[in-house]
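Asker: Got a structure for you, entry.cif, holding mmCIF, C-alpha atoms and all ligand atoms.
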```cif
data_target
loop_
_atom_site.group_PDB
_atom_site.id
_atom_site.type_symbol
_atom_site.label_atom_id
_atom_site.label_comp_id
_atom_site.auth_asym_id
_atom_site.auth_seq_id
_atom_site.Cartn_x
_atom_site.Cartn_y
_atom_site.Cartn_z
ATOM 1 C CA MET A 1 18.475 -5.210 -11.035
ATOM 2 C CA LYS A 2 16.969 -6.110 -7.659
ATOM 3 C CA LEU A 3 13.692 -7.639 -8.890
ATOM 4 C CA LYS A 4 14.752 -9.193 -12.191
ATOM 5 C CA ASP A 5 12.122 -11.644 -13.511
ATOM 6 C CA LYS A 6 9.921 -11.131 -10.444
ATOM 7 C CA VAL A 7 6.171 -10.474 -10.669
ATOM 8 C CA ALA A 8 4.698 -7.901 -8.274
ATOM 9 C CA LEU A 9 1.060 -7.091 -7.552
ATOM 10 C CA ILE A 10 0.605 -3.614 -6.069
ATOM 11 C CA THR A 11 -2.804 -2.596 -4.729
ATOM 12 C CA GLY A 12 -3.898 0.997 -5.222
ATOM 13 C CA ALA A 13 -1.204 1.520 -7.841
ATOM 14 C CA SER A 14 -3.088 4.043 -9.988
ATOM 15 C CA ARG A 15 -1.875 7.017 -7.926
ATOM 16 C CA GLY A 16 0.483 8.163 -5.169
ATOM 17 C CA ILE A 17 2.717 5.747 -3.274
ATOM 18 C CA GLY A 18 1.432 2.684 -5.149
ATOM 19 C CA ARG A 19 2.147 4.274 -8.520
ATOM 20 C CA ALA A 20 5.692 5.298 -7.516
ATOM 21 C CA THR A 21 6.314 1.776 -6.207
ATOM 22 C CA ALA A 22 5.117 0.235 -9.495
ATOM 23 C CA VAL A 23 7.511 2.436 -11.502
ATOM 24 C CA ARG A 24 10.423 1.747 -9.152
ATOM 25 C CA PHE A 25 9.856 -2.018 -9.181
ATOM 26 C CA ALA A 26 9.531 -2.036 -13.001
ATOM 27 C CA LYS A 27 12.886 -0.200 -13.287
ATOM 28 C CA GLU A 28 14.353 -3.023 -11.179
ATOM 29 C CA GLY A 29 13.081 -5.650 -13.633
ATOM 30 C CA ALA A 30 9.705 -6.648 -12.157
ATOM 31 C CA LYS A 31 6.558 -7.271 -14.152
ATOM 32 C CA ILE A 32 3.712 -5.394 -12.508
ATOM 33 C CA ILE A 33 0.032 -6.019 -11.818
ATOM 34 C CA ILE A 34 -1.444 -2.572 -11.269
ATOM 35 C CA ASN A 35 -4.544 -2.822 -9.107
ATOM 36 C CA TYR A 36 -6.910 0.156 -9.196
ATOM 37 C CA PHE A 37 -10.427 0.924 -8.015
ATOM 38 C CA SER A 38 -11.717 4.028 -9.831
ATOM 39 C CA SER A 39 -8.772 5.650 -11.684
ATOM 40 C CA GLU A 40 -8.929 3.543 -14.844
ATOM 41 C CA SER A 41 -7.260 5.997 -17.244
ATOM 42 C CA GLN A 42 -4.365 6.599 -14.820
ATOM 43 C CA ALA A 43 -3.885 2.845 -14.399
ATOM 44 C CA LYS A 44 -3.858 2.326 -18.168
ATOM 45 C CA LYS A 45 -1.361 5.171 -18.653
ATOM 46 C CA LEU A 46 0.879 3.513 -16.077
ATOM 47 C CA VAL A 47 0.765 0.218 -18.018
ATOM 48 C CA GLU A 48 2.139 2.088 -21.046
ATOM 49 C CA GLU A 49 4.782 3.875 -18.945
ATOM 50 C CA ILE A 50 6.004 0.546 -17.570
ATOM 51 C CA LYS A 51 6.163 -0.983 -21.054
ATOM 52 C CA LYS A 52 8.307 1.994 -22.145
ATOM 53 C CA ILE A 53 10.658 1.256 -19.235
ATOM 54 C CA GLY A 54 11.115 -2.182 -20.851
ATOM 55 C CA SER A 55 9.068 -4.307 -18.481
ATOM 56 C CA ASP A 56 5.478 -5.603 -18.726
ATOM 57 C CA ALA A 57 2.285 -4.737 -16.829
ATOM 58 C CA ILE A 58 -1.467 -5.198 -16.692
ATOM 59 C CA ALA A 59 -4.085 -3.128 -14.903
ATOM 60 C CA ILE A 60 -6.857 -4.872 -12.981
ATOM 61 C CA LYS A 61 -9.877 -3.130 -11.467
ATOM 62 C CA CYS A 62 -10.716 -4.612 -8.087
ATOM 63 C CA ASP A 63 -12.120 -3.364 -4.801
ATOM 64 C CA VAL A 64 -9.694 -4.940 -2.330
ATOM 65 C CA SER A 65 -12.431 -5.161 0.306
ATOM 66 C CA GLN A 66 -14.525 -7.555 -1.805
ATOM 67 C CA GLU A 67 -13.418 -11.192 -1.535
ATOM 68 C CA LYS A 68 -14.905 -12.297 -4.872
ATOM 69 C CA GLU A 69 -13.123 -9.482 -6.733
ATOM 70 C CA VAL A 70 -9.822 -10.165 -4.952
ATOM 71 C CA LYS A 71 -10.008 -13.865 -5.809
ATOM 72 C CA GLU A 72 -10.685 -12.996 -9.450
ATOM 73 C CA MET A 73 -7.811 -10.484 -9.526
ATOM 74 C CA PHE A 74 -5.290 -13.073 -8.333
ATOM 75 C CA GLY A 75 -6.682 -15.580 -10.851
ATOM 76 C CA GLN A 76 -6.282 -13.068 -13.687
ATOM 77 C CA ALA A 77 -2.772 -12.130 -12.553
ATOM 78 C CA LEU A 78 -1.706 -15.758 -12.385
ATOM 79 C CA LYS A 79 -3.131 -16.425 -15.863
ATOM 80 C CA LYS A 80 -1.145 -13.500 -17.301
ATOM 81 C CA PHE A 81 2.236 -13.952 -15.589
ATOM 82 C CA GLY A 82 2.136 -17.532 -14.183
ATOM 83 C CA LYS A 83 3.298 -16.507 -10.676
ATOM 84 C CA ILE A 84 3.323 -13.739 -8.072
ATOM 85 C CA ASP A 85 6.527 -13.130 -6.119
ATOM 86 C CA VAL A 86 5.709 -9.842 -4.392
ATOM 87 C CA LEU A 87 2.517 -8.300 -3.016
ATOM 88 C CA VAL A 88 2.401 -4.691 -1.853
ATOM 89 C CA ASN A 89 -0.754 -4.007 0.183
ATOM 90 C CA ASN A 90 -0.911 -0.267 -0.415
ATOM 91 C CA ALA A 91 -4.552 0.629 -1.231
ATOM 92 C CA GLY A 92 -6.009 2.947 1.375
ATOM 93 C CA ILE A 93 -8.618 5.628 2.049
ATOM 94 C CA VAL A 94 -9.193 8.283 4.711
ATOM 95 C CA TYR A 95 -12.177 10.414 5.760
ATOM 96 C CA ASP A 96 -10.757 13.477 7.535
ATOM 97 C CA ILE A 97 -13.886 14.577 9.421
ATOM 98 C CA PRO A 98 -14.728 15.217 13.090
ATOM 99 C CA LEU A 99 -14.980 11.968 15.048
ATOM 100 C CA PHE A 100 -18.682 11.981 15.874
ATOM 101 C CA GLN A 101 -19.680 13.178 12.422
ATOM 102 C CA LYS A 102 -18.296 9.945 11.008
ATOM 103 C CA THR A 103 -21.018 7.481 10.097
ATOM 104 C CA VAL A 104 -20.914 3.772 10.845
ATOM 105 C CA GLU A 105 -20.788 3.248 7.060
ATOM 106 C CA GLN A 106 -17.625 5.403 6.839
ATOM 107 C CA TRP A 107 -16.034 3.525 9.745
ATOM 108 C CA LYS A 108 -16.817 0.217 8.093
ATOM 109 C CA ARG A 109 -15.584 1.357 4.671
ATOM 110 C CA THR A 110 -12.256 2.526 6.150
ATOM 111 C CA LEU A 111 -11.730 -0.752 7.994
ATOM 112 C CA ASP A 112 -12.892 -2.795 4.991
ATOM 113 C CA VAL A 113 -10.485 -1.186 2.503
ATOM 114 C CA ASN A 114 -7.495 -0.495 4.766
ATOM 115 C CA LEU A 115 -7.523 -3.641 6.929
ATOM 116 C CA ILE A 116 -9.800 -6.358 5.515
ATOM 117 C CA GLY A 117 -8.299 -5.592 2.079
ATOM 118 C CA VAL A 118 -4.832 -6.437 3.438
ATOM 119 C CA PHE A 119 -6.182 -9.683 4.906
ATOM 120 C CA LEU A 120 -7.912 -10.720 1.662
ATOM 121 C CA CYS A 121 -5.018 -9.910 -0.686
ATOM 122 C CA SER A 122 -2.537 -11.621 1.664
ATOM 123 C CA LYS A 123 -4.797 -14.690 1.798
ATOM 124 C CA TYR A 124 -4.993 -15.143 -1.978
ATOM 125 C CA ALA A 125 -1.349 -14.138 -2.566
ATOM 126 C CA SER A 126 -0.139 -16.607 0.039
ATOM 127 C CA GLU A 127 -2.011 -19.467 -1.657
ATOM 128 C CA ILE A 128 0.268 -18.821 -4.642
ATOM 129 C CA MET A 129 3.439 -17.889 -2.752
ATOM 130 C CA LEU A 130 3.449 -20.790 -0.280
ATOM 131 C CA LYS A 131 4.557 -23.099 -3.108
ATOM 132 C CA LYS A 132 7.706 -21.235 -4.202
ATOM 133 C CA GLY A 133 8.083 -18.449 -1.646
ATOM 134 C CA GLY A 134 7.326 -14.764 -1.784
ATOM 135 C CA VAL A 135 7.353 -11.401 -0.086
ATOM 136 C CA ILE A 136 4.566 -9.156 1.193
ATOM 137 C CA VAL A 137 4.987 -5.466 2.025
ATOM 138 C CA ASN A 138 2.158 -3.758 3.901
ATOM 139 C CA ILE A 139 1.690 -0.005 3.991
ATOM 140 C CA SER A 140 0.469 1.103 7.427
ATOM 141 C CA SER A 141 1.123 4.619 8.755
ATOM 142 C CA THR A 142 2.699 6.403 11.706
ATOM 143 C CA ASN A 143 -0.992 6.905 12.630
ATOM 144 C CA GLY A 144 -0.918 3.202 13.481
ATOM 145 C CA ILE A 145 1.834 3.855 16.057
ATOM 146 C CA ASN A 146 0.777 7.213 17.516
ATOM 147 C CA SER A 147 -2.801 8.208 16.743
ATOM 148 C CA ASN A 148 -2.852 11.365 14.655
ATOM 149 C CA GLY A 149 -5.996 12.883 16.152
ATOM 150 C CA PRO A 150 -9.768 12.355 16.426
ATOM 151 C CA ASP A 151 -10.540 13.368 12.813
ATOM 152 C CA SER A 152 -8.802 10.213 11.573
ATOM 153 C CA ALA A 153 -9.795 7.846 14.415
ATOM 154 C CA ASP A 154 -11.182 5.200 12.053
ATOM 155 C CA TYR A 155 -8.133 5.435 9.759
ATOM 156 C CA ASP A 156 -5.758 5.266 12.756
ATOM 157 C CA ALA A 157 -7.556 2.139 14.039
ATOM 158 C CA SER A 158 -7.250 0.509 10.605
ATOM 159 C CA LYS A 159 -3.507 1.239 10.525
ATOM 160 C CA VAL A 160 -2.977 -0.177 14.051
ATOM 161 C CA GLY A 161 -4.710 -3.252 12.650
ATOM 162 C CA VAL A 162 -2.321 -3.457 9.685
ATOM 163 C CA ILE A 163 0.686 -3.434 12.045
ATOM 164 C CA SER A 164 -0.822 -6.197 14.180
ATOM 165 C CA LEU A 165 -1.845 -8.223 11.112
ATOM 166 C CA THR A 166 1.711 -7.911 9.717
ATOM 167 C CA LYS A 167 3.137 -9.586 12.820
ATOM 168 C CA ASN A 168 0.508 -12.350 12.797
ATOM 169 C CA LEU A 169 0.933 -13.004 9.066
ATOM 170 C CA ALA A 170 4.716 -13.100 9.428
ATOM 171 C CA GLU A 171 4.325 -15.917 11.959
ATOM 172 C CA GLU A 172 1.594 -17.720 10.032
ATOM 173 C CA LEU A 173 3.382 -17.638 6.665
ATOM 174 C CA ALA A 174 6.964 -18.333 7.817
ATOM 175 C CA PRO A 175 9.357 -19.530 6.586
ATOM 176 C CA LYS A 176 8.185 -19.430 2.936
ATOM 177 C CA ILE A 177 6.902 -15.861 2.932
ATOM 178 C CA ARG A 178 8.526 -12.782 4.464
ATOM 179 C CA ILE A 179 6.098 -10.045 5.439
ATOM 180 C CA ASN A 180 7.050 -6.574 6.632
ATOM 181 C CA CYS A 181 5.379 -3.221 7.017
ATOM 182 C CA ILE A 182 6.179 0.409 6.277
ATOM 183 C CA ALA A 183 4.728 3.136 8.497
ATOM 184 C CA PRO A 184 5.052 6.341 6.464
ATOM 185 C CA GLY A 185 4.651 9.778 7.995
ATOM 186 C CA TRP A 186 3.359 12.665 5.858
ATOM 187 C CA ILE A 187 3.748 11.961 2.136
ATOM 188 C CA ASP A 188 2.847 14.401 -0.614
ATOM 189 C CA THR A 189 -0.065 12.648 -2.405
ATOM 190 C CA ASP A 190 -3.729 13.232 -3.264
ATOM 191 C CA MET A 191 -4.625 11.831 0.159
ATOM 192 C CA ASN A 192 -3.445 15.075 1.759
ATOM 193 C CA LYS A 193 -4.372 17.582 -0.922
ATOM 194 C CA ASN A 194 -7.444 18.961 0.904
ATOM 195 C CA LEU A 195 -5.829 19.485 4.303
ATOM 196 C CA PRO A 196 -5.899 23.125 5.530
ATOM 197 C CA LYS A 197 -2.730 25.018 4.517
ATOM 198 C CA ASP A 198 -1.986 26.166 8.101
ATOM 199 C CA TYR A 199 -2.246 22.598 9.374
ATOM 200 C CA VAL A 200 0.140 21.361 6.664
ATOM 201 C CA LYS A 201 2.590 24.161 7.557
ATOM 202 C CA GLY A 202 2.468 23.119 11.228
ATOM 203 C CA GLU A 203 2.990 19.442 10.405
ATOM 204 C CA LYS A 204 6.006 20.286 8.211
ATOM 205 C CA GLU A 205 7.397 22.327 11.099
ATOM 206 C CA LYS A 206 7.065 19.273 13.418
ATOM 207 C CA THR A 207 8.909 17.099 10.865
ATOM 208 C CA PHE A 208 12.697 17.153 11.451
ATOM 209 C CA LEU A 209 13.359 17.359 7.699
ATOM 210 C CA LYS A 210 10.812 20.256 7.419
ATOM 211 C CA ARG A 211 8.863 18.799 4.503
ATOM 212 C CA PHE A 212 6.490 16.028 3.478
ATOM 213 C CA GLY A 213 8.101 12.958 1.913
ATOM 214 C CA THR A 214 7.678 11.998 -1.728
ATOM 215 C CA PRO A 215 5.963 8.789 -2.899
ATOM 216 C CA GLU A 216 9.341 7.791 -4.398
ATOM 217 C CA GLU A 217 10.918 7.896 -0.918
ATOM 218 C CA ILE A 218 8.431 5.243 0.241
ATOM 219 C CA ALA A 219 8.924 3.247 -2.974
ATOM 220 C CA SER A 220 12.678 2.994 -2.168
ATOM 221 C CA VAL A 221 11.918 1.377 1.190
ATOM 222 C CA ALA A 222 9.302 -0.923 -0.378
ATOM 223 C CA LEU A 223 11.981 -2.012 -2.876
ATOM 224 C CA PHE A 224 14.410 -2.749 -0.052
ATOM 225 C CA LEU A 225 11.821 -4.886 1.790
ATOM 226 C CA ALA A 226 10.718 -6.684 -1.408
ATOM 227 C CA SER A 227 14.284 -7.515 -2.445
ATOM 228 C CA ASP A 228 16.826 -9.992 -1.078
ATOM 229 C CA ASP A 229 18.533 -7.041 0.651
ATOM 230 C CA ALA A 230 15.948 -7.644 3.412
ATOM 231 C CA SER A 231 16.330 -11.441 3.356
ATOM 232 C CA PHE A 232 16.482 -11.772 7.179
ATOM 233 C CA MET A 233 13.560 -9.434 7.875
ATOM 234 C CA SER A 234 10.032 -10.570 8.675
ATOM 235 C CA GLY A 235 7.380 -9.086 10.977
ATOM 236 C CA SER A 236 9.207 -5.733 11.096
ATOM 237 C CA ILE A 237 7.697 -2.257 11.034
ATOM 238 C CA MET A 238 9.820 0.431 9.358
ATOM 239 C CA VAL A 239 8.961 4.045 10.206
ATOM 240 C CA VAL A 240 9.671 6.423 7.295
ATOM 241 C CA ASP A 241 8.575 9.864 8.459
ATOM 242 C CA GLY A 242 11.511 12.268 8.095
ATOM 243 C CA GLY A 243 11.726 12.394 11.909
ATOM 244 C CA TYR A 244 8.659 13.786 13.705
ATOM 245 C CA LYS A 245 7.869 15.216 17.148
HETATM 246 P P1 LIG B 1 -3.732 8.103 -2.717
HETATM 247 O O1 LIG B 1 -2.821 8.944 -3.530
HETATM 248 O O2 LIG B 1 -5.035 8.658 -2.257
HETATM 249 O O3 LIG B 1 -3.977 6.720 -3.513
HETATM 250 C C1 LIG B 1 -4.801 5.749 -2.963
HETATM 251 C C2 LIG B 1 -4.788 4.541 -3.860
HETATM 252 O O4 LIG B 1 -5.620 3.533 -3.253
HETATM 253 C C3 LIG B 1 -5.368 4.820 -5.241
HETATM 254 O O5 LIG B 1 -4.605 4.170 -6.203
HETATM 255 C C4 LIG B 1 -6.778 4.216 -5.158
HETATM 256 O O6 LIG B 1 -7.254 3.710 -6.393
HETATM 257 C C5 LIG B 1 -6.519 3.049 -4.230
HETATM 258 N N1 LIG B 1 -7.764 2.553 -3.613
HETATM 259 C C6 LIG B 1 -8.644 3.214 -2.827
HETATM 260 N N2 LIG B 1 -9.667 2.418 -2.496
HETATM 261 C C7 LIG B 1 -9.423 1.214 -3.078
HETATM 262 C C8 LIG B 1 -10.116 -0.034 -3.096
HETATM 263 N N3 LIG B 1 -11.267 -0.203 -2.442
HETATM 264 N N4 LIG B 1 -9.585 -1.050 -3.808
HETATM 265 C C9 LIG B 1 -8.414 -0.897 -4.493
HETATM 266 N N5 LIG B 1 -7.723 0.258 -4.513
HETATM 267 C C10 LIG B 1 -8.232 1.303 -3.805
HETATM 268 O O7 LIG B 1 -3.023 7.607 -1.382
HETATM 269 P P2 LIG B 1 -1.473 7.456 -0.983
HETATM 270 O O8 LIG B 1 -1.113 8.630 -0.167
HETATM 271 O O9 LIG B 1 -0.658 7.065 -2.128
HETATM 272 O O10 LIG B 1 -1.629 6.223 0.044
HETATM 273 C C11 LIG B 1 -1.189 4.919 -0.236
HETATM 274 C C12 LIG B 1 -1.110 4.164 1.086
HETATM 275 O O11 LIG B 1 -0.182 4.817 1.942
HETATM 276 C C13 LIG B 1 -2.440 4.105 1.846
HETATM 277 O O12 LIG B 1 -2.599 2.867 2.475
HETATM 278 C C14 LIG B 1 -2.268 5.188 2.884
HETATM 279 O O13 LIG B 1 -3.070 4.970 4.019
HETATM 280 C C15 LIG B 1 -0.787 5.067 3.192
HETATM 281 N N6 LIG B 1 -0.187 6.235 3.807
HETATM 282 C C16 LIG B 1 -0.211 7.445 3.171
HETATM 283 C C17 LIG B 1 0.337 8.544 3.805
HETATM 284 C C18 LIG B 1 0.343 9.925 3.185
HETATM 285 O O14 LIG B 1 0.671 10.891 3.888
HETATM 286 N N7 LIG B 1 -0.007 10.072 1.923
HETATM 287 C C19 LIG B 1 0.936 8.395 5.072
HETATM 288 C C20 LIG B 1 0.940 7.161 5.673
HETATM 289 C C21 LIG B 1 0.392 6.081 5.029
HETATM 290 P P3 LIG B 1 -8.205 4.552 -7.409
HETATM 291 O O15 LIG B 1 -7.589 5.908 -7.573
HETATM 292 O O16 LIG B 1 -8.136 3.727 -8.663
HETATM 293 O O17 LIG B 1 -9.568 4.581 -6.811
#
```
Kindly present the structure from the file in structure tokens form.
Ligand code: NAP
Answerer:
Amino acid sequence: MKLKDKVALITGASRGIGRATAVRFAKEGAKIIINYFSSESQAKKLVEEIKKIGSDAIAIKCDVSQEKEVKEMFGQALKKFGKIDVLVNNAGIVYDIPLFQKTVEQWKRTLDVNLIGVFLCSKYASEIMLKKGGVIVNISSTNGINSNGPDSADYDASKVGVISLTKNLAEELAPKIRINCIAPGWIDTDMNKNLPKDYVKGEKEKTFLKRFGTPEEIASVALFLASDDASFMSGSIMVVDGGYK
């Protein structure tokens, strides 16, 4: 098992990529802190699923953009498991609407959750990890490398920020903490469920593998980065997009 006796906190683990990562890590022996924001019943169901796998988990409601809540979440996690070895900064939101219809409030909310949330969780995780070491995995997006288009301008900016923050954190937290980033392409989750069918068809056509990825395919890469298999990696950005042009 690659994460035997490790404790992992995964933000936005109630659904999608975060959920798949929680299950994958638990199968590799990790105890899991499932952070959620609004999907309480799904988070609680996941706690039970992880216990059935033979590991342990708790679910903690916390808005990752709110410093007080983040501080409390890490306090609660530490009280329950006594340590945190791995943080996956996965929580994210998107407003797919025309650029100039986006309000300042929507811009700020996107940056607060997707970027400030990564800063806050990394800050409180690192206070714990700097003593005994640890690993952080950030989830950015290929939108942070090549902008996807004006409808997601705020989201794209937040994901550029996550890539930049990964490199700065890797320098700041070395050598005790390794921090790397995954830039997924299209993944089949709730985040994309309202996209127009024709647009989805076109995007699949542009993807070399002719499909969207699964959350489990991102979880595999998160496991690699969280484990000792990636012991000489820090500050790296891994693109996982099935090939895209
Ligand atoms: P998803 O299915 O929509 O799930 C989003 C998760 O984020 C949910 O668990 C949600 O929790 C949580 N969340 C939202 N706001 C939060 C907040 N303020 N505090 C804490 N948690 C919050 O999305 P996904 O596709 O799995 O995306 C996961 C990550 O991958 C995101 O960072 C996203 O930008 C990135 N990504 C996704 C794709 C893709 O194509 N799907 C591609 C590239 C990158 P609740 O349900 O409890 O509210």
Asker: I'd like to see the residues matched by the PyMOL selection byres (((chain A and resi 133-146) around 9) and not hetatm) on this file, and ideally I'd get them as a PyMOL selection string.
Answerer: chain A and resi 84-92+114+118+122+125-126+128-132+147-149+152+155-163+166+175-186+222+225-227+237+239-241
Asker: Residues within 6 Å of ligand LIG 1 (chain B) (only C-alpha atoms and all ligand atoms), as a PyMOL selection string?
Answerer: chain A and resi 11-18+36-39+62-65+90-93+113+139-141+184-191
Asker: Which residue is closest to Lys204 of chain A? Choose from A:Lys102, A:Asn168, A:Gly235, A:Tyr244 and count only C-alpha atoms.
Answerer: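 Of A:Lys102, A:Asn168, A:Gly235, A:Tyr244, the one nearest Lys204 of chain A is A:Tyr244, counting only C-alpha atoms.
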Asker: Calculated over all atoms listed in the file, which of the candidates A:Met73, A:Ala22, A:Val221, A:Ala30 has the smallest distance to Ser55 of chain A?
Answerer: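 Looking at the shortest contact to Ser55 of chain A, the residue is A:Ala30.
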Asker: Would you mind telling me which residue in A:Gly243, A:Pro150, A:Gly82, A:Gly54 lies nearest to Ile97 of chain A when using all atoms listed in the file?
Answerer: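 Nearest to Ile97 of chain A: A:Pro150.
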Asker: In terms of the shortest atom-to-atom distance over only C-alpha atoms, which of A:Ala153, A:Leu3, A:Val200, A:Ile32 is closest to Leu99 of chain A?
Answerer: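 Of A:Ala153, A:Leu3, A:Val200, A:Ile32, the one nearest Leu99 of chain A is A:Ala153, counting only C-alpha atoms.
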Asker: If you take every atom of segment 195-199 of chain A that the file lists and fit an axis-aligned box around them with 5 Å extra on each side, what centre and edge lengths come out in Å to one decimal, as JSON?
Answerer:
```
{"center_x": -3.9, "center_y": 22.8, "center_z": 6.8, "size_x": 13.9, "size_y": 16.7, "size_z": 15.1}
```
Asker: Would you compute the distance between atom CA of Glu171 of chain A and atom CA of Ala219 of chain A? Give it in Å to one decimal.
Answerer: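 Atom-to-atom, atom CA of Glu171 of chain A to atom CA of Ala219 of chain A, that is 24.7 Å.
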Asker: Atom CA of Glu49 of chain A and atom CA of Lys2 of chain A, how far apart in Å?
Answerer: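 According to the coordinates, atom CA of Lys2 of chain A and atom CA of Glu49 of chain A are separated by 19.4 Å.
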Asker: Kindly indicate which residue among A:Val7, A:Met238, A:Lys71, A:Ile34 lies nearest to Ala20 of chain A, using only C-alpha atoms for the distances.
Answerer: A:Ile34
Asker: Taking only C-alpha atoms into account, name the residue in A:Ala59, A:Asp154, A:Leu223, A:Lys79 that is nearest to Pro98 of chain A.
Answerer: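 Answer, going by the shortest atom-to-atom distance: A:Asp154.
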Asker: Distance atom CA of Val94 of chain A-atom CA of Asp112 of chain A, one decimal place?
Answerer: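 Rounded to one decimal, the two atoms are 11.7 Å apart.
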